[in-house]
Amino acid sequence: MALAREESSPLFAGTVAGTLRLILYLALAMVLMVLDHRNGWIWRLRYATSVVVEPIYHLAGLPAAGMRTLSVAFADRKRLTEQNQRLREDLLLANAKLNRMAAVAEQNQRLKELLDTQHSLELNVQLARVIDVDLGAYRHRMLLNVGARDGVKAGQVVIDAHGVMGQVVEVMPRTSLVMLVTDPDHAIPVVIERTGLRTVAYGVHEGDQLSLPNISMAADVHAGDKLLTSGLGGRFPPGFPVGEITSVEQSPSGMFLEGRARPTADLDRSEDVLLLHDLAEPVGPPEPGATAGPPSDLAPAPAPAASSATPPRAADPKPVAAPAAASSTPVQP
Amino acid sequence: MNKQRISLLWFVGTLVFALLSMLVPLPAPLQPFKPYWPALFLLYWSLESSDRVNLGTAFIIGLCADLLDGVLLGEQAMRLCALVFIALRFRSRLRFFPMWQQTLAVLALLVNDRILLLIVRTFAGESLPPASWWISPFVGAALWPFLFLLMDDLRMRLRIQ
């Protein structure tokens, strides 16, 4: 049986037809790669085949989920008790803080009503679970177990307990794909908490880091400063923690300071995440055709307030928070 | 007839298993050690039953892997095609190598595969991967004898071609 040798597999020289076939397949693969690189075909194809693809994801996520269940099942009682105790304390602390904040929040609300702005501190969120699937190394993506049938839309912001994780870029019927803030194609408009300086944080190719490549030389920024979302661009609502600056140095061109920041969200450890339902209030440059906004009878009143809150700085780079797959213009300078 | 169907099912089943194993995540420190399962299983089948595996099979498996991985459509299709082409061309010799030589050949094939991937990623404008990226082919080659013997043994036990 093993000694049977076909003429299709000669001992030394191959046939010309075989080589031609190889060249044909390689050319086909290259055409596909170029088309996909330019147009992002893979997502359309994936949506079309989602009936097949999604169960496979769920199946491939089973071992990780099983490990998680097992670790809970076999965790000893002492550790669980300890964890429970710690969580209780955290909850107590958080509740105490919340109670103290409640008065301030109410005051804030009243003042804001006086100022006629539409900011609200309430969150309209949806809980989602991360499907632990390996989507190729060094790709800053994440798969969630909710999709179009659960009302998820592309562009929704994903957060965890510590900060912004990213945004939904692709929605399939029962799963959705999240682009993390550390993706090189991602940019998020931020404000430095201490000084109020606005800038844009980009993802970087190497490691779980954020890069702030265009801080002006005169700006007061140093390591340890916290970054919050600024709400400009209308994609991310303002006030969510994004990262903490780890280092600031001169950019290679010598024209700007370049900061590096560490994301505050647990990008690789989170199991449950929150999907924000309401998009940001349209502060700053208005998005064409944005649906989120004040009701039409209130529209004239907040408009001057909103535009006065926006600094008239034409030189400021327009914060584009859309993924590169959606917009053909690169976000990186 | 029934035998044939079982053996075809077994063939398809191992390849589906390979695709699933590709998707299953490892803990973060072990991540670079993950071998490229579809390549290993395709290599096994192209050495053992070359009438089933041809370039078209490799291409389709690669496309499925791309669809699941979502990296770039056609990337793994190209890599697996090149791999299967080389394996089929040297099949007669590879089959009669002693195991250690075969393992070295598999290592060469897997390293070649990584180089192809590197070329594609460079063209797509991504940065160079870290050094740990090169560990995976070595792990794959180290697993090869076990995979080969296990699959052979299972095939003998199930008495399928």
# chains A, B, ... in the order shown; residues from 1 in each chain; ligands from 1
$ interface_residues --of "chain A" --to "chain B" --cutoff "7 Å" --atoms "only C-alpha atoms" --output "PyMOL selection string"
chain A and resi 9+11+14+22+26+29-30+32-33+36-37+42+46+53+60-61+132-136+205
$ write_last_selection --atoms "all heavy atoms" --output "short mmCIF file (atom, residue, chain, number, x, y, z; two decimals), in the first residue's frame"
data_model
loop_
_atom_site.label_atom_id
_atom_site.label_comp_id
_atom_site.auth_asym_id
_atom_site.auth_seq_id
_atom_site.Cartn_x
_atom_site.Cartn_y
_atom_site.Cartn_z
N SER A 9 3.08 12.11 -8.49
CA SER A 9 4.09 12.49 -7.52
C SER A 9 5.41 11.81 -7.87
O SER A 9 5.79 10.84 -7.26
CB SER A 9 3.62 12.09 -6.12
OG SER A 9 4.72 11.84 -5.31
N LEU A 11 9.43 11.04 -8.39
CA LEU A 11 10.46 11.07 -7.37
C LEU A 11 11.28 12.36 -7.44
O LEU A 11 11.63 12.94 -6.43
CB LEU A 11 11.37 9.85 -7.56
CG LEU A 11 12.08 9.36 -6.34
CD1 LEU A 11 11.16 9.39 -5.14
CD2 LEU A 11 12.57 7.96 -6.57
N GLY A 14 8.98 17.58 -11.11
CA GLY A 14 7.54 17.76 -11.12
C GLY A 14 7.06 18.02 -12.52
O GLY A 14 7.86 18.21 -13.45
N LEU A 22 -0.17 25.76 -9.45
CA LEU A 22 0.26 26.51 -8.27
C LEU A 22 0.24 28.00 -8.56
O LEU A 22 -0.29 28.80 -7.77
CB LEU A 22 1.67 26.09 -7.87
CG LEU A 22 2.26 26.94 -6.75
CD1 LEU A 22 1.65 26.58 -5.41
CD2 LEU A 22 3.77 26.83 -6.68
N LEU A 26 -1.89 30.80 -6.61
CA LEU A 26 -1.21 31.90 -5.92
C LEU A 26 -1.71 33.24 -6.45
O LEU A 26 -1.95 34.19 -5.68
CB LEU A 26 0.30 31.80 -6.09
CG LEU A 26 0.99 30.66 -5.35
CD1 LEU A 26 2.50 30.82 -5.42
CD2 LEU A 26 0.55 30.61 -3.90
N ALA A 29 -5.07 33.93 -5.03
CA ALA A 29 -4.97 34.35 -3.63
C ALA A 29 -4.52 35.81 -3.55
O ALA A 29 -5.03 36.59 -2.74
CB ALA A 29 -3.99 33.45 -2.89
N MET A 30 -3.59 36.18 -4.42
CA MET A 30 -3.09 37.56 -4.36
C MET A 30 -4.16 38.55 -4.78
O MET A 30 -4.30 39.61 -4.18
CB MET A 30 -1.85 37.69 -5.26
CG MET A 30 -0.59 37.34 -4.50
SD MET A 30 0.81 37.39 -5.56
CE MET A 30 1.81 36.16 -4.80
N LEU A 32 -7.31 38.15 -4.40
CA LEU A 32 -8.22 38.23 -3.25
C LEU A 32 -7.65 39.14 -2.18
O LEU A 32 -8.35 39.97 -1.60
CB LEU A 32 -8.45 36.84 -2.67
CG LEU A 32 -9.50 35.99 -3.35
CD1 LEU A 32 -9.60 34.65 -2.67
CD2 LEU A 32 -10.84 36.69 -3.29
N MET A 33 -6.34 38.99 -1.92
CA MET A 33 -5.73 39.79 -0.85
C MET A 33 -5.79 41.27 -1.18
O MET A 33 -6.11 42.10 -0.34
CB MET A 33 -4.27 39.36 -0.65
CG MET A 33 -4.13 38.18 0.27
SD MET A 33 -2.45 37.94 0.75
CE MET A 33 -1.89 36.91 -0.56
N ASP A 36 -9.33 42.52 -0.91
CA ASP A 36 -9.75 42.61 0.49
C ASP A 36 -9.06 43.77 1.19
O ASP A 36 -9.67 44.49 1.98
CB ASP A 36 -9.44 41.30 1.20
CG ASP A 36 -9.90 41.33 2.64
OD1 ASP A 36 -10.94 41.95 2.88
OD2 ASP A 36 -9.21 40.77 3.50
N HIS A 37 -7.78 43.98 0.87
CA HIS A 37 -7.04 45.06 1.50
C HIS A 37 -7.64 46.41 1.12
O HIS A 37 -7.65 47.34 1.92
CB HIS A 37 -5.58 44.99 1.07
CG HIS A 37 -4.67 45.81 1.90
ND1 HIS A 37 -4.48 45.57 3.23
CD2 HIS A 37 -3.90 46.88 1.60
CE1 HIS A 37 -3.64 46.46 3.72
NE2 HIS A 37 -3.27 47.27 2.76
N ILE A 42 -13.75 40.89 3.20
CA ILE A 42 -13.89 39.76 4.10
C ILE A 42 -15.09 39.95 5.01
O ILE A 42 -15.75 39.00 5.38
CB ILE A 42 -12.60 39.57 4.90
CG1 ILE A 42 -12.56 38.17 5.49
CG2 ILE A 42 -12.43 40.60 5.99
CD1 ILE A 42 -11.20 37.74 5.91
N ARG A 46 -18.12 37.57 5.42
CA ARG A 46 -18.37 36.99 6.73
C ARG A 46 -19.81 37.19 7.15
O ARG A 46 -20.42 36.32 7.75
CB ARG A 46 -17.45 37.64 7.76
CG ARG A 46 -17.04 36.70 8.85
CD ARG A 46 -16.31 37.45 9.89
NE ARG A 46 -14.94 37.00 9.97
CZ ARG A 46 -14.18 37.27 11.02
NH1 ARG A 46 -14.64 38.00 12.00
NH2 ARG A 46 -12.96 36.85 11.06
N VAL A 53 -20.46 30.76 10.24
CA VAL A 53 -19.28 31.24 10.97
C VAL A 53 -19.56 31.39 12.46
O VAL A 53 -18.74 31.01 13.29
CB VAL A 53 -18.81 32.57 10.35
CG1 VAL A 53 -17.77 33.22 11.21
CG2 VAL A 53 -18.25 32.32 8.96
N ALA A 60 -15.61 27.34 19.18
CA ALA A 60 -14.19 27.54 19.50
C ALA A 60 -14.03 28.27 20.82
O ALA A 60 -12.98 28.16 21.46
CB ALA A 60 -13.51 28.33 18.39
N GLY A 61 -15.06 29.00 21.21
CA GLY A 61 -14.98 29.70 22.49
C GLY A 61 -15.27 28.79 23.67
O GLY A 61 -15.04 29.16 24.82
N ASP A 132 -14.07 34.20 23.88
CA ASP A 132 -12.62 34.13 23.90
C ASP A 132 -12.14 33.33 22.70
O ASP A 132 -12.05 32.12 22.74
CB ASP A 132 -12.18 33.46 25.20
CG ASP A 132 -10.85 33.99 25.65
OD1 ASP A 132 -10.23 34.70 24.85
OD2 ASP A 132 -10.45 33.71 26.77
N VAL A 133 -11.84 34.03 21.62
CA VAL A 133 -11.42 33.37 20.39
C VAL A 133 -10.16 34.07 19.89
O VAL A 133 -10.04 35.28 19.99
CB VAL A 133 -12.55 33.45 19.34
CG1 VAL A 133 -12.02 33.14 17.98
CG2 VAL A 133 -13.66 32.48 19.68
N ASP A 134 -9.24 33.27 19.39
CA ASP A 134 -7.98 33.82 18.91
C ASP A 134 -8.15 34.34 17.49
O ASP A 134 -8.20 33.56 16.55
CB ASP A 134 -6.92 32.71 18.95
CG ASP A 134 -5.56 33.24 18.56
OD1 ASP A 134 -5.43 34.46 18.47
OD2 ASP A 134 -4.65 32.43 18.35
N LEU A 135 -8.25 35.65 17.33
CA LEU A 135 -8.46 36.20 16.00
C LEU A 135 -7.15 36.63 15.38
O LEU A 135 -6.98 37.75 14.94
CB LEU A 135 -9.41 37.40 16.07
CG LEU A 135 -10.87 37.05 16.35
CD1 LEU A 135 -11.68 38.30 16.47
CD2 LEU A 135 -11.41 36.18 15.25
N GLY A 136 -6.16 35.73 15.35
CA GLY A 136 -4.89 36.09 14.76
C GLY A 136 -4.10 36.95 15.71
O GLY A 136 -4.65 37.82 16.37
N HIS A 205 1.30 50.07 16.76
CA HIS A 205 1.50 48.72 16.22
C HIS A 205 1.99 47.76 17.28
O HIS A 205 1.58 46.62 17.35
CB HIS A 205 2.52 48.76 15.07
CG HIS A 205 1.90 49.18 13.78
ND1 HIS A 205 1.05 48.37 13.08
CD2 HIS A 205 1.99 50.32 13.06
CE1 HIS A 205 0.65 48.99 11.99
NE2 HIS A 205 1.20 50.18 11.95
#
$ residues_around --residues "A:Leu143" --least-positions-apart "3" --cutoff "12 Å" --atoms "only C-alpha atoms" --output "ChimeraX atom specification"
/A:54,57-58,60-61,128-135,139-140,146-147,158,166-172,174-180,268,270-273 /B:23,68-70
$ select_by_dssp --residues "stretch 23-246 of chain A" --states "strand (DSSP E)" --output "MDAnalysis selection string"
chainID A and resid 125:131 141:144 157:159 164:171 176:180 187:192 198:203 210:216 226:229 241:246
$ select_by_dssp --residues "stretch 6-153 of chain B" --states "alpha helix (DSSP H)" --output "count of residues only"
109
$ closest_residue --among "A:Arg100, A:Gln126, A:Ile56, A:Leu28" --to "B:Ala65" --atoms "only C-alpha atoms"
A:Ile56
$ residues_around --residues "stretch 144-157 of chain B" --least-positions-apart "4" --cutoff "10 Å" --atoms "only C-alpha atoms" --output "JSON, numbers by chain"
{"B": [7, 10, 14, 40, 41, 43, 44, 45, 48, 99, 100, 102, 103, 104, 106, 107, 138, 139, 140, 161]}
$ write_last_selection --atoms "N, CA and C atoms" --output "PDB file, in the first residue's frame"
ATOM      1  N   SER B   7     -14.155   7.151   5.978  1.00  0.00           N
ATOM      2  CA  SER B   7     -12.808   7.708   5.845  1.00  0.00           C
ATOM      3  C   SER B   7     -12.875   9.155   5.362  1.00  0.00           C
ATOM      4  N   TRP B  10     -13.768  11.203   8.344  1.00  0.00           N
ATOM      5  CA  TRP B  10     -12.590  11.326   9.214  1.00  0.00           C
ATOM      6  C   TRP B  10     -11.641  12.397   8.682  1.00  0.00           C
ATOM      7  N   THR B  14     -10.920  15.855  10.720  1.00  0.00           N
ATOM      8  CA  THR B  14      -9.623  16.316  11.237  1.00  0.00           C
ATOM      9  C   THR B  14      -9.339  17.736  10.781  1.00  0.00           C
ATOM     10  N   LEU B  40      -0.236  21.682   9.824  1.00  0.00           N
ATOM     11  CA  LEU B  40       0.220  20.358  10.260  1.00  0.00           C
ATOM     12  C   LEU B  40      -0.710  19.262   9.750  1.00  0.00           C
ATOM     13  N   PHE B  41      -2.034  19.490   9.893  1.00  0.00           N
ATOM     14  CA  PHE B  41      -2.970  18.446   9.467  1.00  0.00           C
ATOM     15  C   PHE B  41      -2.958  18.293   7.946  1.00  0.00           C
ATOM     16  N   LEU B  43      -0.437  18.829   6.034  1.00  0.00           N
ATOM     17  CA  LEU B  43       0.815  18.144   5.702  1.00  0.00           C
ATOM     18  C   LEU B  43       0.645  16.646   5.890  1.00  0.00           C
ATOM     19  N   TYR B  44       0.048  16.272   6.995  1.00  0.00           N
ATOM     20  CA  TYR B  44      -0.162  14.849   7.259  1.00  0.00           C
ATOM     21  C   TYR B  44      -0.963  14.213   6.125  1.00  0.00           C
ATOM     22  N   TRP B  45      -2.057  14.866   5.774  1.00  0.00           N
ATOM     23  CA  TRP B  45      -2.917  14.267   4.748  1.00  0.00           C
ATOM     24  C   TRP B  45      -2.256  14.286   3.388  1.00  0.00           C
ATOM     25  N   GLU B  48       0.043  11.316   3.437  1.00  0.00           N
ATOM     26  CA  GLU B  48      -0.561   9.994   3.603  1.00  0.00           C
ATOM     27  C   GLU B  48      -1.560   9.648   2.513  1.00  0.00           C
ATOM     28  N   MET B  99      12.010   9.399  10.856  1.00  0.00           N
ATOM     29  CA  MET B  99      11.167  10.408  11.498  1.00  0.00           C
ATOM     30  C   MET B  99      11.905  11.712  11.773  1.00  0.00           C
ATOM     31  N   TRP B 100      13.175  11.616  12.189  1.00  0.00           N
ATOM     32  CA  TRP B 100      13.860  12.875  12.537  1.00  0.00           C
ATOM     33  C   TRP B 100      14.086  13.732  11.308  1.00  0.00           C
ATOM     34  N   GLN B 102      12.169  13.694   8.666  1.00  0.00           N
ATOM     35  CA  GLN B 102      10.861  14.220   8.289  1.00  0.00           C
ATOM     36  C   GLN B 102      10.521  15.438   9.142  1.00  0.00           C
ATOM     37  N   THR B 103      10.853  15.348  10.442  1.00  0.00           N
ATOM     38  CA  THR B 103      10.585  16.465  11.347  1.00  0.00           C
ATOM     39  C   THR B 103      11.349  17.711  10.906  1.00  0.00           C
ATOM     40  N   LEU B 104      12.600  17.500  10.498  1.00  0.00           N
ATOM     41  CA  LEU B 104      13.382  18.657  10.029  1.00  0.00           C
ATOM     42  C   LEU B 104      12.748  19.256   8.774  1.00  0.00           C
ATOM     43  N   VAL B 106       9.615  19.173   7.993  1.00  0.00           N
ATOM     44  CA  VAL B 106       8.410  19.896   8.415  1.00  0.00           C
ATOM     45  C   VAL B 106       8.790  21.252   9.000  1.00  0.00           C
ATOM     46  N   LEU B 107       9.863  21.261   9.767  1.00  0.00           N
ATOM     47  CA  LEU B 107      10.327  22.539  10.332  1.00  0.00           C
ATOM     48  C   LEU B 107      10.642  23.530   9.216  1.00  0.00           C
ATOM     49  N   PHE B 138       8.810  25.991  15.392  1.00  0.00           N
ATOM     50  CA  PHE B 138       9.591  24.998  16.132  1.00  0.00           C
ATOM     51  C   PHE B 138       8.678  24.123  16.980  1.00  0.00           C
ATOM     52  N   VAL B 139       7.674  24.756  17.593  1.00  0.00           N
ATOM     53  CA  VAL B 139       6.710  23.970  18.367  1.00  0.00           C
ATOM     54  C   VAL B 139       5.961  23.016  17.441  1.00  0.00           C
ATOM     55  N   GLY B 140       5.579  23.541  16.271  1.00  0.00           N
ATOM     56  CA  GLY B 140       4.875  22.705  15.299  1.00  0.00           C
ATOM     57  C   GLY B 140       5.702  21.504  14.900  1.00  0.00           C
ATOM     58  N   GLN B 161      -8.647   4.147   5.102  1.00  0.00           N
ATOM     59  CA  GLN B 161      -7.571   4.458   4.169  1.00  0.00           C
ATOM     60  C   GLN B 161      -7.105   5.888   4.338  1.00  0.00           C
TER      61      GLN B 161
END
$ decode --residues "stretch 264-277 of chain A" --atoms "all heavy atoms" --output "tab-separated table (two decimals), in the first residue's frame"
chain	number	residue	atom	x	y	z
A	264	THR	N	-6.52	52.31	30.47
A	264	THR	CA	-6.95	51.92	31.82
A	264	THR	C	-7.83	50.68	31.80
A	264	THR	O	-7.89	49.95	32.77
A	264	THR	CB	-7.74	53.06	32.48
A	264	THR	OG1	-8.60	53.61	31.51
A	264	THR	CG2	-6.84	54.09	33.05
A	265	ALA	N	-8.53	50.45	30.69
A	265	ALA	CA	-9.41	49.28	30.62
A	265	ALA	C	-8.56	48.01	30.59
A	265	ALA	O	-7.45	48.02	30.09
A	265	ALA	CB	-10.28	49.36	29.39
A	266	ASP	N	-9.12	46.93	31.14
A	266	ASP	CA	-8.44	45.63	31.09
A	266	ASP	C	-8.68	45.00	29.73
A	266	ASP	O	-9.59	44.20	29.56
A	266	ASP	CB	-9.01	44.70	32.17
A	266	ASP	CG	-8.42	44.99	33.51
A	266	ASP	OD1	-7.33	45.60	33.54
A	266	ASP	OD2	-9.04	44.63	34.51
A	267	LEU	N	-7.84	45.38	28.76
A	267	LEU	CA	-8.16	44.99	27.39
A	267	LEU	C	-8.07	43.49	27.19
A	267	LEU	O	-8.80	42.92	26.40
A	267	LEU	CB	-7.22	45.71	26.42
A	267	LEU	CG	-7.41	47.20	26.36
A	267	LEU	CD1	-6.51	47.80	25.30
A	267	LEU	CD2	-8.84	47.56	26.06
A	268	ASP	N	-7.16	42.82	27.90
A	268	ASP	CA	-7.01	41.39	27.63
A	268	ASP	C	-7.56	40.53	28.76
A	268	ASP	O	-7.43	39.32	28.70
A	268	ASP	CB	-5.53	41.06	27.37
A	268	ASP	CG	-4.64	41.62	28.44
A	268	ASP	OD1	-5.16	42.40	29.27
A	268	ASP	OD2	-3.44	41.29	28.49
A	269	ARG	N	-8.13	41.15	29.79
A	269	ARG	CA	-8.62	40.32	30.88
A	269	ARG	C	-10.12	40.38	31.09
A	269	ARG	O	-10.67	39.58	31.82
A	269	ARG	CB	-7.91	40.71	32.18
A	269	ARG	CG	-6.49	40.23	32.26
A	269	ARG	CD	-5.96	40.36	33.65
A	269	ARG	NE	-6.01	41.71	34.12
A	269	ARG	CZ	-5.10	42.62	33.87
A	269	ARG	NH1	-4.06	42.31	33.16
A	269	ARG	NH2	-5.21	43.83	34.34
A	270	SER	N	-10.78	41.33	30.44
A	270	SER	CA	-12.21	41.50	30.70
A	270	SER	C	-13.01	40.32	30.15
A	270	SER	O	-12.74	39.83	29.07
A	270	SER	CB	-12.71	42.77	30.07
A	270	SER	OG	-12.14	43.86	30.71
A	271	GLU	N	-13.97	39.86	30.92
A	271	GLU	CA	-14.87	38.82	30.44
A	271	GLU	C	-16.22	39.42	30.08
A	271	GLU	O	-16.83	39.06	29.11
A	271	GLU	CB	-15.07	37.76	31.51
A	271	GLU	CG	-13.84	36.93	31.76
A	271	GLU	CD	-14.00	36.07	32.98
A	271	GLU	OE1	-15.14	35.91	33.45
A	271	GLU	OE2	-12.98	35.57	33.47
A	272	ASP	N	-16.66	40.35	30.93
A	272	ASP	CA	-17.94	41.02	30.67
A	272	ASP	C	-17.66	42.48	30.39
A	272	ASP	O	-16.86	43.11	31.08
A	272	ASP	CB	-18.85	40.90	31.90
A	272	ASP	CG	-19.21	39.47	32.17
A	272	ASP	OD1	-19.82	38.85	31.30
A	272	ASP	OD2	-18.85	38.96	33.24
A	273	VAL	N	-18.32	43.00	29.38
A	273	VAL	CA	-18.13	44.40	29.04
A	273	VAL	C	-19.49	45.07	28.92
A	273	VAL	O	-20.53	44.40	28.90
A	273	VAL	CB	-17.36	44.56	27.71
A	273	VAL	CG1	-15.98	43.97	27.83
A	273	VAL	CG2	-18.11	43.92	26.57
A	274	LEU	N	-19.49	46.38	28.85
A	274	LEU	CA	-20.74	47.14	28.71
A	274	LEU	C	-20.74	47.83	27.35
A	274	LEU	O	-19.74	48.40	26.94
A	274	LEU	CB	-20.85	48.18	29.82
A	274	LEU	CG	-21.01	47.63	31.23
A	274	LEU	CD1	-20.96	48.77	32.22
A	274	LEU	CD2	-22.32	46.89	31.35
A	275	LEU	N	-21.88	47.74	26.69
A	275	LEU	CA	-22.06	48.45	25.43
A	275	LEU	C	-22.90	49.69	25.71
A	275	LEU	O	-24.00	49.57	26.23
A	275	LEU	CB	-22.82	47.57	24.45
A	275	LEU	CG	-22.03	46.62	23.59
A	275	LEU	CD1	-22.98	45.62	22.98
A	275	LEU	CD2	-21.34	47.37	22.50
A	276	LEU	N	-22.37	50.87	25.39
A	276	LEU	CA	-23.15	52.09	25.60
A	276	LEU	C	-24.20	52.20	24.51
A	276	LEU	O	-23.91	51.99	23.33
A	276	LEU	CB	-22.23	53.31	25.54
A	276	LEU	CG	-21.26	53.49	26.69
A	276	LEU	CD1	-20.67	54.86	26.61
A	276	LEU	CD2	-21.97	53.31	28.00
A	277	HIS	N	-25.41	52.53	24.92
A	277	HIS	CA	-26.46	52.59	23.91
A	277	HIS	C	-26.64	53.97	23.30
A	277	HIS	O	-26.78	54.10	22.11
A	277	HIS	CB	-27.79	52.12	24.50
A	277	HIS	CG	-28.08	50.73	24.11
A	277	HIS	ND1	-28.20	50.36	22.80
A	277	HIS	CD2	-28.21	49.61	24.83
A	277	HIS	CE1	-28.41	49.07	22.74
A	277	HIS	NE2	-28.41	48.58	23.96
